[in-house]
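Peer 1: So here's coords_1.cif, just mmCIF, C-alpha atoms:
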data_coords
loop_
_atom_site.label_atom_id
_atom_site.label_comp_id
_atom_site.auth_asym_id
_atom_site.auth_seq_id
_atom_site.Cartn_x
_atom_site.Cartn_y
_atom_site.Cartn_z
CA MET Q 1 0.00 0.00 0.00
CA THR Q 2 1.47 3.38 -1.03
CA ALA Q 3 2.07 5.81 1.79
CA ALA Q 4 0.23 9.14 1.74
CA PRO Q 5 2.31 12.04 0.41
CA ASP Q 6 4.21 13.99 3.06
CA PRO Q 7 2.53 17.43 3.33
CA THR Q 8 5.86 19.04 4.18
CA ALA Q 9 7.50 17.48 1.14
CA LEU Q 10 4.67 18.70 -1.10
CA ALA Q 11 5.03 22.21 0.31
CA ASP Q 12 8.79 22.15 -0.34
CA PHE Q 13 8.15 20.85 -3.86
CA SER Q 14 5.65 23.66 -4.43
CA ASP Q 15 8.20 26.26 -3.27
CA SER Q 16 10.88 24.89 -5.55
CA LEU Q 17 8.52 25.05 -8.57
CA ARG Q 18 7.44 28.59 -7.75
CA ALA Q 19 10.94 29.81 -8.51
CA ALA Q 20 10.73 28.21 -11.94
CA LEU Q 21 7.20 29.44 -12.62
CA PRO Q 22 8.03 31.87 -15.50
CA GLU Q 23 9.94 29.15 -17.35
CA VAL Q 24 7.16 26.58 -16.85
CA ALA Q 25 4.56 29.14 -17.97
CA ARG Q 26 6.47 29.68 -21.21
CA ASP Q 27 6.57 25.90 -21.78
CA VAL Q 28 2.83 25.72 -21.11
CA LEU Q 29 2.11 28.41 -23.70
CA SER Q 30 4.38 26.74 -26.23
CA GLY Q 31 2.56 23.44 -25.70
CA VAL Q 32 -0.87 25.05 -26.00
CA PHE Q 33 -0.01 26.94 -29.18
CA GLY Q 34 1.39 23.75 -30.66
CA GLU Q 35 -1.73 21.70 -29.92
CA VAL Q 36 -4.49 24.32 -30.28
CA PRO Q 37 -4.06 26.28 -33.55
CA SER Q 38 -7.09 28.51 -32.94
CA TYR Q 39 -5.34 30.05 -29.93
CA ARG Q 40 -2.50 31.19 -32.18
CA GLU Q 41 -5.09 33.18 -34.15
CA LEU Q 42 -6.23 35.25 -31.16
CA SER Q 43 -5.43 38.95 -31.03
CA ALA Q 44 -1.91 40.11 -30.29
CA ASP Q 45 -3.16 41.47 -26.96
CA SER Q 46 -4.44 38.01 -26.03
CA THR Q 47 -1.36 36.04 -27.11
CA GLY Q 48 1.08 38.61 -25.76
CA ARG Q 49 -0.64 39.47 -22.49
CA ASP Q 50 -3.82 37.57 -21.59
CA LEU Q 51 -2.55 34.05 -22.25
CA PRO Q 52 0.79 34.46 -20.41
CA LEU Q 53 -1.08 35.90 -17.43
CA ALA Q 54 -3.62 33.06 -17.61
CA ALA Q 55 -0.84 30.45 -17.69
CA GLU Q 56 0.84 31.95 -14.65
CA ALA Q 57 -2.50 32.30 -12.82
CA ASN Q 58 -3.20 28.60 -13.37
CA LEU Q 59 0.25 27.59 -12.16
CA ARG Q 60 0.09 29.83 -9.08
CA LEU Q 61 -3.31 28.45 -8.12
CA PHE Q 62 -2.12 24.88 -8.58
CA LEU Q 63 1.01 25.46 -6.52
CA ARG Q 64 -1.02 27.05 -3.71
CA SER Q 65 -3.48 24.13 -3.64
CA LEU Q 66 -0.56 21.68 -3.79
CA ALA Q 67 1.21 23.35 -0.86
CA GLU Q 68 -2.00 23.22 1.19
CA GLY Q 69 -2.86 19.68 0.07
CA ARG Q 70 -6.33 20.48 -1.27
CA ALA Q 71 -8.32 21.16 -4.44
CA PRO Q 72 -8.97 24.80 -5.47
CA ARG Q 73 -11.98 26.49 -3.87
CA GLY Q 74 -14.72 28.06 -5.92
CA ASP Q 75 -13.78 31.58 -4.87
CA GLU Q 76 -10.25 31.01 -6.19
CA LEU Q 77 -11.48 30.36 -9.72
CA THR Q 78 -12.68 33.93 -10.39
CA GLU Q 79 -9.72 34.90 -12.57
CA LEU Q 80 -9.93 31.69 -14.61
CA ILE Q 81 -13.67 32.10 -15.01
CA ASP Q 82 -13.19 35.65 -16.33
CA ILE Q 83 -10.83 34.24 -18.94
CA ALA Q 84 -13.41 31.61 -19.94
CA VAL Q 85 -16.02 34.35 -20.35
CA ARG Q 86 -13.69 36.25 -22.71
CA ARG Q 87 -13.17 33.09 -24.77
CA ALA Q 88 -16.94 32.59 -24.96
CA ARG Q 89 -17.39 36.13 -26.23
CA ALA Q 90 -14.65 35.51 -28.80
CA GLY Q 91 -16.68 32.56 -30.12
CA ILE Q 92 -14.08 29.87 -29.33
CA PRO Q 93 -15.83 26.47 -28.93
CA LEU Q 94 -16.13 25.04 -25.42
CA ASP Q 95 -14.29 21.81 -26.28
CA THR Q 96 -11.33 23.91 -27.47
CA VAL Q 97 -11.33 25.99 -24.28
CA LEU Q 98 -11.36 22.88 -22.09
CA SER Q 99 -8.71 21.10 -24.16
CA VAL Q 100 -6.34 23.98 -23.41
CA TYR Q 101 -6.29 23.01 -19.72
CA HIS Q 102 -5.36 19.43 -20.52
CA HIS Q 103 -2.71 20.39 -23.09
CA GLY Q 104 -1.38 22.94 -20.63
CA ALA Q 105 -1.23 20.35 -17.85
CA ILE Q 106 0.72 17.97 -20.09
CA ALA Q 107 3.15 20.72 -21.11
CA ALA Q 108 3.63 21.76 -17.47
CA TRP Q 109 4.19 18.16 -16.42
CA ASN Q 110 6.83 17.64 -19.13
CA SER Q 111 8.53 20.90 -18.18
CA VAL Q 112 8.65 20.07 -14.46
CA SER Q 113 9.70 16.48 -15.14
CA ALA Q 114 12.76 17.78 -16.97
CA MET Q 115 13.66 19.77 -13.84
CA ALA Q 116 13.29 16.79 -11.48
CA THR Q 117 16.90 15.55 -11.54
CA THR Q 118 17.16 13.80 -8.15
CA PRO Q 119 15.30 10.70 -6.91
CA GLU Q 120 13.69 12.81 -4.18
CA GLN Q 121 12.37 15.35 -6.71
CA ARG Q 122 11.00 12.60 -8.94
CA GLU Q 123 9.27 11.04 -5.94
CA GLN Q 124 7.75 14.39 -5.03
CA LEU Q 125 6.62 14.80 -8.66
CA LEU Q 126 4.81 11.46 -8.60
CA ALA Q 127 3.24 12.34 -5.23
CA ALA Q 128 1.75 15.45 -6.88
CA VAL Q 129 -0.21 13.42 -9.49
CA PRO Q 130 -3.45 13.17 -7.41
CA TYR Q 131 -3.36 16.94 -6.93
CA VAL Q 132 -2.97 17.53 -10.64
CA LEU Q 133 -6.05 15.41 -11.26
CA GLY Q 134 -7.90 17.14 -8.41
CA TYR Q 135 -6.97 20.52 -9.82
CA LEU Q 136 -8.29 19.66 -13.28
CA GLY Q 137 -11.40 18.12 -11.71
CA ALA Q 138 -12.17 21.40 -9.93
CA VAL Q 139 -11.15 23.87 -12.63
CA THR Q 140 -12.73 22.18 -15.67
CA PRO Q 141 -16.36 22.18 -14.38
CA GLY Q 142 -16.01 25.75 -13.10
CA VAL Q 143 -14.69 27.03 -16.42
CA ALA Q 144 -17.25 25.02 -18.41
CA GLY Q 145 -20.12 26.35 -16.30
CA ALA Q 146 -19.00 29.95 -16.67
CA TYR Q 147 -18.52 29.51 -20.42
CA LEU Q 148 -22.00 28.00 -20.92
CA ARG Q 149 -23.70 30.68 -18.81
CA GLU Q 150 -22.01 33.40 -20.85
CA ARG Q 151 -22.93 31.77 -24.16
CA GLN Q 152 -26.53 31.41 -22.99
CA ASP Q 153 -26.60 35.08 -22.03
CA LEU Q 154 -25.12 36.08 -25.38
CA HIS Q 155 -27.53 33.81 -27.25
CA TRP Q 156 -30.48 35.18 -25.29
CA GLU Q 157 -29.38 38.77 -25.96
CA GLN Q 158 -28.99 38.10 -29.70
CA ARG Q 159 -32.32 36.28 -29.86
CA GLU Q 160 -34.09 39.11 -28.06
CA ALA Q 161 -32.49 41.61 -30.42
CA ARG Q 162 -33.73 39.69 -33.46
CA ARG Q 163 -37.19 39.44 -31.88
CA ALA Q 164 -37.32 43.19 -31.18
CA VAL Q 165 -36.21 44.06 -34.73
CA ALA Q 166 -38.72 41.60 -36.23
CA GLN Q 167 -41.60 43.09 -34.23
CA ALA Q 168 -40.59 46.64 -35.16
CA LEU Q 169 -40.40 45.73 -38.86
CA VAL Q 170 -43.78 43.95 -38.85
CA HIS Q 171 -45.50 46.88 -37.16
CA GLY Q 172 -43.75 49.52 -39.27
CA ASN Q 173 -41.99 51.10 -36.29
CA PRO Q 174 -38.61 52.86 -36.54
CA VAL Q 175 -35.93 50.19 -36.46
CA ASP Q 176 -32.71 51.58 -37.97
CA LEU Q 177 -31.00 52.45 -34.67
CA LEU Q 178 -31.97 49.17 -33.03
CA ALA Q 179 -30.76 47.15 -36.01
CA GLU Q 180 -27.49 49.08 -36.20
CA ARG Q 181 -26.87 48.56 -32.49
CA PHE Q 182 -26.99 44.78 -32.87
CA GLY Q 183 -25.36 44.60 -36.28
CA ILE Q 184 -28.51 43.47 -38.11
CA SER Q 185 -28.63 44.34 -41.81
CA LEU Q 186 -31.91 45.63 -43.24
CA ASP Q 187 -30.73 45.75 -46.86
CA GLY Q 188 -32.13 43.58 -49.64
CA GLY Q 189 -35.67 43.04 -48.40
CA PHE Q 190 -37.13 39.98 -46.70
CA ASP Q 191 -39.02 36.78 -47.30
CA VAL Q 192 -41.87 36.83 -44.80
CA LEU Q 193 -43.30 33.67 -43.25
CA VAL Q 194 -46.26 33.80 -40.86
CA PHE Q 195 -47.02 30.41 -39.32
CA ARG Q 196 -49.77 29.02 -37.11
CA VAL Q 197 -49.61 25.96 -34.87
CA ALA Q 198 -52.89 24.21 -34.08
CA GLU Q 199 -53.91 23.73 -30.47
CA GLN Q 200 -52.59 20.47 -29.08
CA ASP Q 201 -55.17 17.78 -28.43
CA SER Q 202 -55.08 14.97 -25.88
CA ILE Q 203 -53.11 12.81 -28.31
CA GLY Q 204 -50.45 15.44 -28.90
CA GLY Q 205 -50.01 15.99 -25.17
CA ASN Q 206 -48.31 18.95 -23.56
CA ARG Q 207 -45.20 19.21 -25.68
CA PRO Q 208 -42.92 22.26 -25.26
CA VAL Q 209 -44.20 24.09 -28.34
CA LEU Q 210 -42.19 27.28 -27.91
CA ARG Q 211 -38.95 25.41 -27.31
CA ILE Q 212 -39.54 23.17 -30.35
CA VAL Q 213 -40.35 26.16 -32.56
CA GLN Q 214 -37.29 28.13 -31.39
CA THR Q 215 -35.01 25.14 -31.95
CA GLU Q 216 -36.25 24.81 -35.53
CA ILE Q 217 -35.88 28.56 -36.14
CA ASP Q 218 -32.25 28.37 -35.00
CA ALA Q 219 -31.74 25.51 -37.47
CA VAL Q 220 -32.94 27.65 -40.41
CA SER Q 221 -30.30 30.38 -40.14
CA SER Q 222 -28.65 32.58 -37.53
CA ARG Q 223 -29.70 35.61 -39.60
CA VAL Q 224 -33.43 34.93 -39.45
CA LEU Q 225 -35.40 37.51 -37.48
CA SER Q 226 -38.33 36.03 -35.61
CA SER Q 227 -41.11 36.76 -33.19
CA VAL Q 228 -42.77 33.70 -31.66
CA GLU Q 229 -45.88 33.18 -29.56
CA ARG Q 230 -47.59 30.01 -28.40
CA GLY Q 231 -49.94 29.82 -31.39
CA GLY Q 232 -47.37 30.72 -34.06
CA GLY Q 233 -45.15 33.56 -35.12
CA VAL Q 234 -43.32 35.46 -37.84
CA LEU Q 235 -40.02 34.70 -39.58
CA LEU Q 236 -38.20 37.33 -41.64
CA VAL Q 237 -35.51 35.85 -43.89
CA PRO Q 238 -33.06 38.52 -45.13
CA GLY Q 239 -33.01 39.12 -48.87
CA GLY Q 240 -30.34 37.40 -50.92
CA GLU Q 241 -30.81 34.12 -49.07
CA GLY Q 242 -33.14 32.52 -51.58
CA GLU Q 243 -31.68 29.11 -50.85
CA LEU Q 244 -33.55 29.23 -47.56
CA GLY Q 245 -36.90 28.88 -49.39
CA THR Q 246 -36.71 25.11 -49.05
CA ALA Q 247 -35.54 25.49 -45.47
CA LEU Q 248 -38.80 27.28 -44.63
CA ASP Q 249 -40.83 24.34 -45.93
CA VAL Q 250 -38.63 22.04 -43.86
CA PHE Q 251 -39.12 24.31 -40.85
CA VAL Q 252 -42.93 24.08 -41.03
CA ASN Q 253 -42.85 20.30 -41.47
CA ARG Q 254 -40.42 19.81 -38.58
CA VAL Q 255 -42.49 22.02 -36.27
CA ALA Q 256 -45.54 19.91 -37.13
CA GLN Q 257 -43.60 16.72 -36.44
CA GLY Q 258 -42.10 18.03 -33.21
CA THR Q 259 -45.35 19.37 -31.78
CA GLY Q 260 -47.52 16.60 -33.17
CA VAL Q 261 -50.10 19.04 -34.56
CA ARG Q 262 -51.01 20.63 -37.89
CA THR Q 263 -48.84 23.64 -38.76
CA VAL Q 264 -49.55 25.96 -41.69
CA ALA Q 265 -47.77 29.08 -42.91
CA GLY Q 266 -48.36 31.95 -45.29
CA PHE Q 267 -45.52 33.29 -47.43
CA ALA Q 268 -44.97 36.71 -49.01
CA THR Q 269 -42.02 38.85 -50.04
CA ALA Q 270 -41.01 42.37 -49.06
CA ALA Q 271 -38.73 44.25 -51.45
CA SER Q 272 -37.48 46.45 -48.61
CA ALA Q 273 -37.83 46.91 -44.87
CA ASP Q 274 -40.62 49.42 -45.49
CA ASP Q 275 -42.63 46.74 -47.28
CA VAL Q 276 -42.51 44.24 -44.42
CA PRO Q 277 -45.82 45.32 -42.75
CA ALA Q 278 -47.81 44.79 -45.98
CA ALA Q 279 -46.05 41.48 -46.69
CA ALA Q 280 -46.65 40.31 -43.13
CA GLU Q 281 -50.35 41.18 -43.41
CA GLU Q 282 -50.62 39.24 -46.68
CA ALA Q 283 -48.75 36.23 -45.32
CA GLY Q 284 -50.79 36.36 -42.11
CA GLU Q 285 -54.08 36.34 -44.03
CA ILE Q 286 -52.92 33.41 -46.15
CA ALA Q 287 -51.92 31.53 -42.99
CA ARG Q 288 -55.28 32.32 -41.37
CA LEU Q 289 -57.20 31.03 -44.37
CA ALA Q 290 -55.11 27.87 -44.60
CA TYR Q 291 -55.55 27.30 -40.88
CA GLN Q 292 -59.30 27.91 -40.72
CA LEU Q 293 -60.00 26.02 -43.93
CA ARG Q 294 -58.16 23.11 -42.31
CA ARG Q 295 -55.56 22.83 -45.04
CA PRO Q 296 -52.82 20.27 -44.28
CA THR Q 297 -49.37 21.17 -42.95
CA ALA Q 298 -47.50 23.20 -45.59
CA VAL Q 299 -46.28 26.64 -46.62
CA TYR Q 300 -48.97 28.40 -48.68
CA ARG Q 301 -48.43 31.21 -51.13
CA MET Q 302 -50.88 33.57 -52.82
CA ALA Q 303 -51.09 31.28 -55.87
CA ASP Q 304 -52.37 28.48 -53.61
CA LEU Q 305 -55.21 30.47 -52.04
CA ALA Q 306 -55.80 33.42 -54.38
CA LEU Q 307 -59.54 32.74 -54.77
CA GLN Q 308 -60.05 32.21 -51.06
CA TYR Q 309 -58.00 35.33 -50.31
CA GLN Q 310 -60.14 37.44 -52.61
CA LEU Q 311 -63.41 35.99 -51.33
CA ALA Q 312 -62.36 36.86 -47.80
CA ARG Q 313 -62.35 40.56 -48.74
CA PRO Q 314 -65.65 42.40 -48.11
CA GLY Q 315 -67.47 43.60 -51.21
CA PRO Q 316 -70.68 43.32 -53.25
CA ALA Q 317 -69.50 40.20 -55.12
CA ARG Q 318 -68.91 38.31 -51.89
CA SER Q 319 -72.23 39.46 -50.46
CA TRP Q 320 -74.06 38.27 -53.58
CA LEU Q 321 -72.32 34.88 -53.51
CA LEU Q 322 -73.44 34.36 -49.91
CA THR Q 323 -77.07 35.05 -50.85
CA LEU Q 324 -76.87 32.46 -53.65
CA LEU Q 325 -76.91 29.68 -51.06
CA ASP Q 326 -79.65 31.16 -48.86
CA PRO Q 327 -82.45 28.98 -50.37
CA LEU Q 328 -80.39 25.87 -49.47
CA ARG Q 329 -79.67 26.73 -45.84
CA ASP Q 330 -82.63 24.74 -44.51
CA GLN Q 331 -82.06 21.84 -46.93
CA PRO Q 332 -78.71 20.33 -45.86
CA HIS Q 333 -79.09 17.33 -48.18
CA LEU Q 334 -78.99 19.71 -51.17
CA LEU Q 335 -75.89 21.47 -49.83
CA GLU Q 336 -74.24 18.07 -49.30
CA ALA Q 337 -74.99 17.11 -52.90
CA LEU Q 338 -73.48 20.37 -54.13
CA ARG Q 339 -70.34 19.95 -52.03
CA ALA Q 340 -69.91 16.35 -53.14
CA LEU Q 341 -70.19 17.29 -56.81
CA ILE Q 342 -67.56 20.02 -56.51
CA ALA Q 343 -65.26 17.97 -54.26
CA ASN Q 344 -65.24 15.14 -56.80
CA ASP Q 345 -64.38 17.42 -59.73
CA TYR Q 346 -67.96 17.31 -61.07
CA ASN Q 347 -67.80 13.51 -61.53
CA ARG Q 348 -71.38 12.45 -60.72
CA GLN Q 349 -70.55 8.76 -60.29
CA GLN Q 350 -67.88 9.53 -57.69
CA ALA Q 351 -70.05 12.17 -56.01
CA ALA Q 352 -72.95 9.70 -55.65
CA ALA Q 353 -70.59 7.10 -54.20
CA ALA Q 354 -69.25 9.64 -51.72
CA LEU Q 355 -72.82 10.41 -50.61
CA VAL Q 356 -73.71 6.69 -50.60
CA VAL Q 357 -76.76 7.35 -52.81
CA HIS Q 358 -77.86 6.24 -56.26
CA ARG Q 359 -76.75 8.46 -59.15
CA ASN Q 360 -80.41 9.20 -59.97
CA THR Q 361 -80.85 10.51 -56.43
CA LEU Q 362 -77.90 12.83 -56.92
CA ASN Q 363 -79.32 14.02 -60.26
CA TYR Q 364 -82.66 14.75 -58.61
CA ARG Q 365 -80.99 16.83 -55.89
CA LEU Q 366 -78.92 18.79 -58.37
CA ASN Q 367 -81.99 19.55 -60.46
CA ARG Q 368 -83.77 20.62 -57.29
CA ILE Q 369 -80.94 23.06 -56.52
CA GLY Q 370 -81.46 24.65 -59.94
CA LYS Q 371 -85.16 25.15 -59.27
CA VAL Q 372 -84.87 26.69 -55.80
CA THR Q 373 -81.91 28.97 -56.57
CA GLY Q 374 -82.47 29.79 -60.24
CA TYR Q 375 -78.91 28.64 -61.05
CA ASP Q 376 -78.25 25.22 -62.53
CA PRO Q 377 -75.21 23.36 -61.09
CA ASN Q 378 -75.21 21.23 -64.26
CA ARG Q 379 -74.04 24.28 -66.22
CA PRO Q 380 -70.24 24.89 -66.01
CA ASP Q 381 -70.57 28.66 -65.53
CA HIS Q 382 -73.19 28.23 -62.79
CA ALA Q 383 -71.12 25.41 -61.19
CA GLN Q 384 -68.23 27.85 -60.83
CA LEU Q 385 -70.50 30.33 -59.08
CA PHE Q 386 -71.63 27.64 -56.63
CA ALA Q 387 -67.99 26.64 -55.92
CA ALA Q 388 -67.13 30.27 -55.15
CA ALA Q 389 -70.28 30.65 -53.05
CA LEU Q 390 -69.39 27.59 -50.94
CA THR Q 391 -65.87 28.95 -50.38
CA ALA Q 392 -67.25 32.36 -49.39
CA SER Q 393 -69.71 30.63 -47.06
CA ASP Q 394 -66.95 28.62 -45.38
CA ILE Q 395 -64.86 31.73 -44.89
CA ASP Q 396 -67.86 33.63 -43.54
CA ALA Q 397 -68.59 30.83 -41.06
CA MET Q 398 -65.13 30.99 -39.53
CA GLU Q 399 -65.04 34.77 -39.09
#
The structure in this file should be written as structure tokens.
Peer 2:
Amino acid sequence: MTAAPDPTALADFSDSLRAALPEVARDVLSGVFGEVPSYRELSADSTGRDLPLAAEANLRLFLRSLAEGRAPRGDELTELIDIAVRRARAGIPLDTVLSVYHHGAIAAWNSVSAMATTPEQREQLLAAVPYVLGYLGAVTPGVAGAYLRERQDLHWEQREARRAVAQALVHGNPVDLLAERFGISLDGGFDVLVFRVAEQDSIGGNRPVLRIVQTEIDAVSSRVLSSVERGGGVLLVPGGEGELGTALDVFVNRVAQGTGVRTVAGFATAASADDVPAAAEEAGEIARLAYQLRRPTAVYRMADLALQYQLARPGPARSWLLTLLDPLRDQPHLLEALRALIANDYNRQQAAAALVVHRNTLNYRLNRIGKVTGYDPNRPDHAQLFAAALTASDIDAME
């Protein structure tokens, strides 16, 4: 059984290394730069000042904990945590930041090993191994935690900035100063996507809708501006990123899959920032129609719902179309026959089968519609009027 390290010997070993600290720090930096290329690309201020100070701070803390025979305390990690925060702000990945501590430890070990020339020094070096591991075990989680908290804060700040700019653009509010402050370009116009997520039913369960939606937005592009609520939201894709058109279709489908409910979206384009309010209104109306007409999950454009969009606008034509169906309101079997005919592309055999009636019964009902309304659904021009009237009626019912 190996005897416990002599505290006095460890303290003496720590004192002897403290005298060689500048030399060991240089070896640590050389080892880090050799193993971590991205650190060589940091600013001259970082490589010439911050990193040497960080190396010495690490070594001093280790030597102090070695002399006292303990792991570093949380309050002793403040300087190292500040360094981790600066690396997070510089955008250096966490795995790279953490690898620096391990590469630095190896370089320090090799440097000190070269200085251990006597059997007693080598024995003291081996006795320090548990403290090296304890040091890394204390420092690594502290640095990782500080790094992640800073990245979360930065991500939250950037996300909130994009949300604020998106809302200002949609509502036509002044946005230039806000966008400039956060480095958000408003040049080139935007593709505008307004999406709606259906209410979850008992089958869908209580899935984290907002978290799912935000995750999928982040997957589209870091430049997308968005404003999200529980029932849906708005995405503004900067102009010049036309390749993201497919990504928006993928976004809607993945939101539907993730939430387990139907998700529809309206799409429009804005040539400039000033055009965003009108484009958002158009896309929002398309999304509303697709949602309330129970269209399946997809991104809908004006070409997909142009008739429905127009029939949703108030006017004498819409009012007249609604009155066309008035004589059929109290005769649901006639309305069913009309819907079946139109839904089956005016194929009477298929329409009769859909109604589970004989074709002669369907013919009788269609003739009856002609008599009570004065318009014959057997005539192509009158059939088109009935199709438009049914669409206007459906839209009117959901308003």
Peer 1: Return the padded bounding box of region 156-166 of chain Q as JSON: axis-aligned, built from all atoms listed in the file, 6 Å added on each side, with centre and edge lengths in Å to one decimal.
Peer 2:
{"center_x": -33.9, "center_y": 39.6, "center_z": -30.8, "size_x": 21.7, "size_y": 20.9, "size_z": 22.9}
Peer 1: Within 9 Å of region 297-319 of chain Q, which residues of region 226-259 of chain Q come that close, and what is the closest atom pair and distance in Å for each? Count only C-alpha atoms and give it as a Markdown table.
Peer 2:
| residue | atom | partner | partner_atom | distance |
| --- | --- | --- | --- | --- |
| Q:Leu248 | CA | Q:Val299 | CA | 7.8 |
| Q:Asp249 | CA | Q:Val299 | CA | 6.0 |
| Q:Val252 | CA | Q:Ala298 | CA | 6.5 |
| Q:Asn253 | CA | Q:Thr297 | CA | 6.7 |
| Q:Ala256 | CA | Q:Thr297 | CA | 7.1 |
Peer 1: Residues of region 164-184 of chain Q within 6 Å of region 261-284 of chain Q: nearest atom pair and distance (Å, one decimal) for each, counting only C-alpha atoms, sorted by chain and number, as CSV?
Peer 2:
residue,atom,partner,partner_atom,distance
Q:Val170,CA,Q:Pro277,CA,4.6
Q:His171,CA,Q:Pro277,CA,5.8
Q:Gly172,CA,Q:Pro277,CA,5.8
Peer 1: Keeping C-alpha atoms, export the residues of the selection given above as an mmCIF file, in the frame of the given file.
Peer 2:
data_model
loop_
_atom_site.group_PDB
_atom_site.id
_atom_site.type_symbol
_atom_site.label_atom_id
_atom_site.label_comp_id
_atom_site.auth_asym_id
_atom_site.auth_seq_id
_atom_site.Cartn_x
_atom_site.Cartn_y
_atom_site.Cartn_z
ATOM 1 C CA VAL Q 170 -43.780 43.950 -38.850
ATOM 2 C CA HIS Q 171 -45.500 46.880 -37.160
ATOM 3 C CA GLY Q 172 -43.750 49.520 -39.270
#
Peer 1: List the residues selected by the PyMOL selection byres ((chain Q and resi 365-367) around 10) in the file shown, writing them as a PyMOL selection string.
Peer 2: chain Q and resi 333-338+341+359-364+368-372+375-378
Peer 1: Ranking Q:Ala19, Q:Ala107, Q:Leu321, Q:Ala71 by minimum distance to Ala128 (chain Q) and counting only C-alpha atoms, which one comes first?
Peer 2: Q:Ala71
Peer 1: Leu225 (chain Q): which residues within 9 Å, counting all atoms listed in the file, same-chain residues fewer than 5 positions away excluded, as a list in words?
Peer 2: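 Within the cut-off, the hits are Arg159, Ala161, Arg162, Arg163, Ala164, Val165, Ala166, Gln167, Val234, Leu235, Leu236, Val237 and Pro238 of chain Q.
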Peer 1: Go ahead and dump the residues you just picked, C-alpha atoms, as an mmCIF file, in the coordinates of the input.
Peer 2:
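Saved the output as part10.cif:
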data_model
loop_
_atom_site.group_PDB
_atom_site.id
_atom_site.type_symbol
_atom_site.label_atom_id
_atom_site.label_comp_id
_atom_site.auth_asym_id
_atom_site.auth_seq_id
_atom_site.Cartn_x
_atom_site.Cartn_y
_atom_site.Cartn_z
ATOM 1 C CA ARG Q 159 -32.320 36.280 -29.860
ATOM 2 C CA ALA Q 161 -32.490 41.610 -30.420
ATOM 3 C CA ARG Q 162 -33.730 39.690 -33.460
ATOM 4 C CA ARG Q 163 -37.190 39.440 -31.880
ATOM 5 C CA ALA Q 164 -37.320 43.190 -31.180
ATOM 6 C CA VAL Q 165 -36.210 44.060 -34.730
ATOM 7 C CA ALA Q 166 -38.720 41.600 -36.230
ATOM 8 C CA GLN Q 167 -41.600 43.090 -34.230
ATOM 9 C CA VAL Q 234 -43.320 35.460 -37.840
ATOM 10 C CA LEU Q 235 -40.020 34.700 -39.580
ATOM 11 C CA LEU Q 236 -38.200 37.330 -41.640
ATOM 12 C CA VAL Q 237 -35.510 35.850 -43.890
ATOM 13 C CA PRO Q 238 -33.060 38.520 -45.130
#
Peer 1: Go through Q:Ser226, Q:Ser65, Q:Asn173, Q:Asn347 one by one, measure the shortest atom-to-atom distance of each to Val194 (chain Q) using all atoms listed in the file, and give the residue with the smallest value.
Peer 2: Q:Ser226
Peer 1: For this file, the PyMOL selection byres ((chain Q and resi 59) around 9) selects which residues, as a JSON list (two decimals) with C-alpha atoms, in the coordinates of the input?
Peer 2:
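selection.json, written as the output of this step:
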[["chain", "number", "residue", "atom", "x", "y", "z"],
["Q", 18, "ARG", "CA", 7.44, 28.59, -7.75],
["Q", 21, "LEU", "CA", 7.20, 29.44, -12.62],
["Q", 24, "VAL", "CA", 7.16, 26.58, -16.85],
["Q", 25, "ALA", "CA", 4.56, 29.14, -17.97],
["Q", 54, "ALA", "CA", -3.62, 33.06, -17.61],
["Q", 55, "ALA", "CA", -0.84, 30.45, -17.69],
["Q", 56, "GLU", "CA", 0.84, 31.95, -14.65],
["Q", 57, "ALA", "CA", -2.50, 32.30, -12.82],
["Q", 58, "ASN", "CA", -3.20, 28.60, -13.37],
["Q", 60, "ARG", "CA", 0.09, 29.83, -9.08],
["Q", 61, "LEU", "CA", -3.31, 28.45, -8.12],
["Q", 62, "PHE", "CA", -2.12, 24.88, -8.58],
["Q", 63, "LEU", "CA", 1.01, 25.46, -6.52],
["Q", 64, "ARG", "CA", -1.02, 27.05, -3.71],
["Q", 108, "ALA", "CA", 3.63, 21.76, -17.47]]
Peer 1: Pick from Q:Ala287, Q:Leu125, Q:Met115, Q:Leu324: nearest to Ala198 (chain Q), with all atoms listed in the file counted?
Peer 2: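 That would be Q:Ala287, the residue with the smallest distance to Ala198 (chain Q).
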Peer 1: Give the answer as one residue: which of Q:Ala146, Q:Val97, Q:Val255, Q:Leu293 has the shortest atom-to-atom distance to Ile81 (chain Q), using all atoms listed in the file?
Peer 2: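 That would be Q:Ala146, the residue with the smallest distance to Ile81 (chain Q).
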Peer 1: Select, from Q:Gly48, Q:Gly239, Q:Pro93, Q:Gly258, the residue with the minimum atom-to-atom distance to Arg223 (chain Q), counting only C-alpha atoms.
Peer 2: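 Smallest distance to Arg223 (chain Q) is found for Q:Gly239.
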Peer 1: Given the file above and the PyMOL selection byres ((chain Q and resi 99) around 12), which residues are selected, and can you give them as a list in words?
Peer 2: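 Taken over the shown coordinates, the PyMOL selection byres ((chain Q and resi 99) around 12) returns Gly31, Val32, Phe33, Glu35, Val36, Pro37, Ser38, Tyr39, Ile92, Pro93, Leu94, Asp95, Thr96, Val97, Leu98, Val100, Tyr101, His102, His103, Gly104, Ala105, Ile106, Leu136, Thr140, Val143 and Ala144 of chain Q.
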Peer 1: Here is a test: counting all atoms listed in the file, which residue of Q:Tyr131, Q:Thr118, Q:Ala392, Q:Ala84 is nearest to Tyr147 (chain Q)?
Peer 2: Q:Ala84
Peer 1: Set the distance at 9 Å and use only C-alpha atoms: which residues neighbour Ala340 (chain Q) once local chain neighbours fewer than 5 positions away are removed? I'd like the list as a list in words.
Peer 2: Leu335, Asp345, Tyr346, Arg348, Gln350, Ala351, Ala352, Ala354 and Leu355 of chain Q
Peer 1: Please report the interatomic distance between CA of Ser185 (chain Q) and CA of Phe251 (chain Q) in Å with one decimal.
Peer 2: 22.6 Å
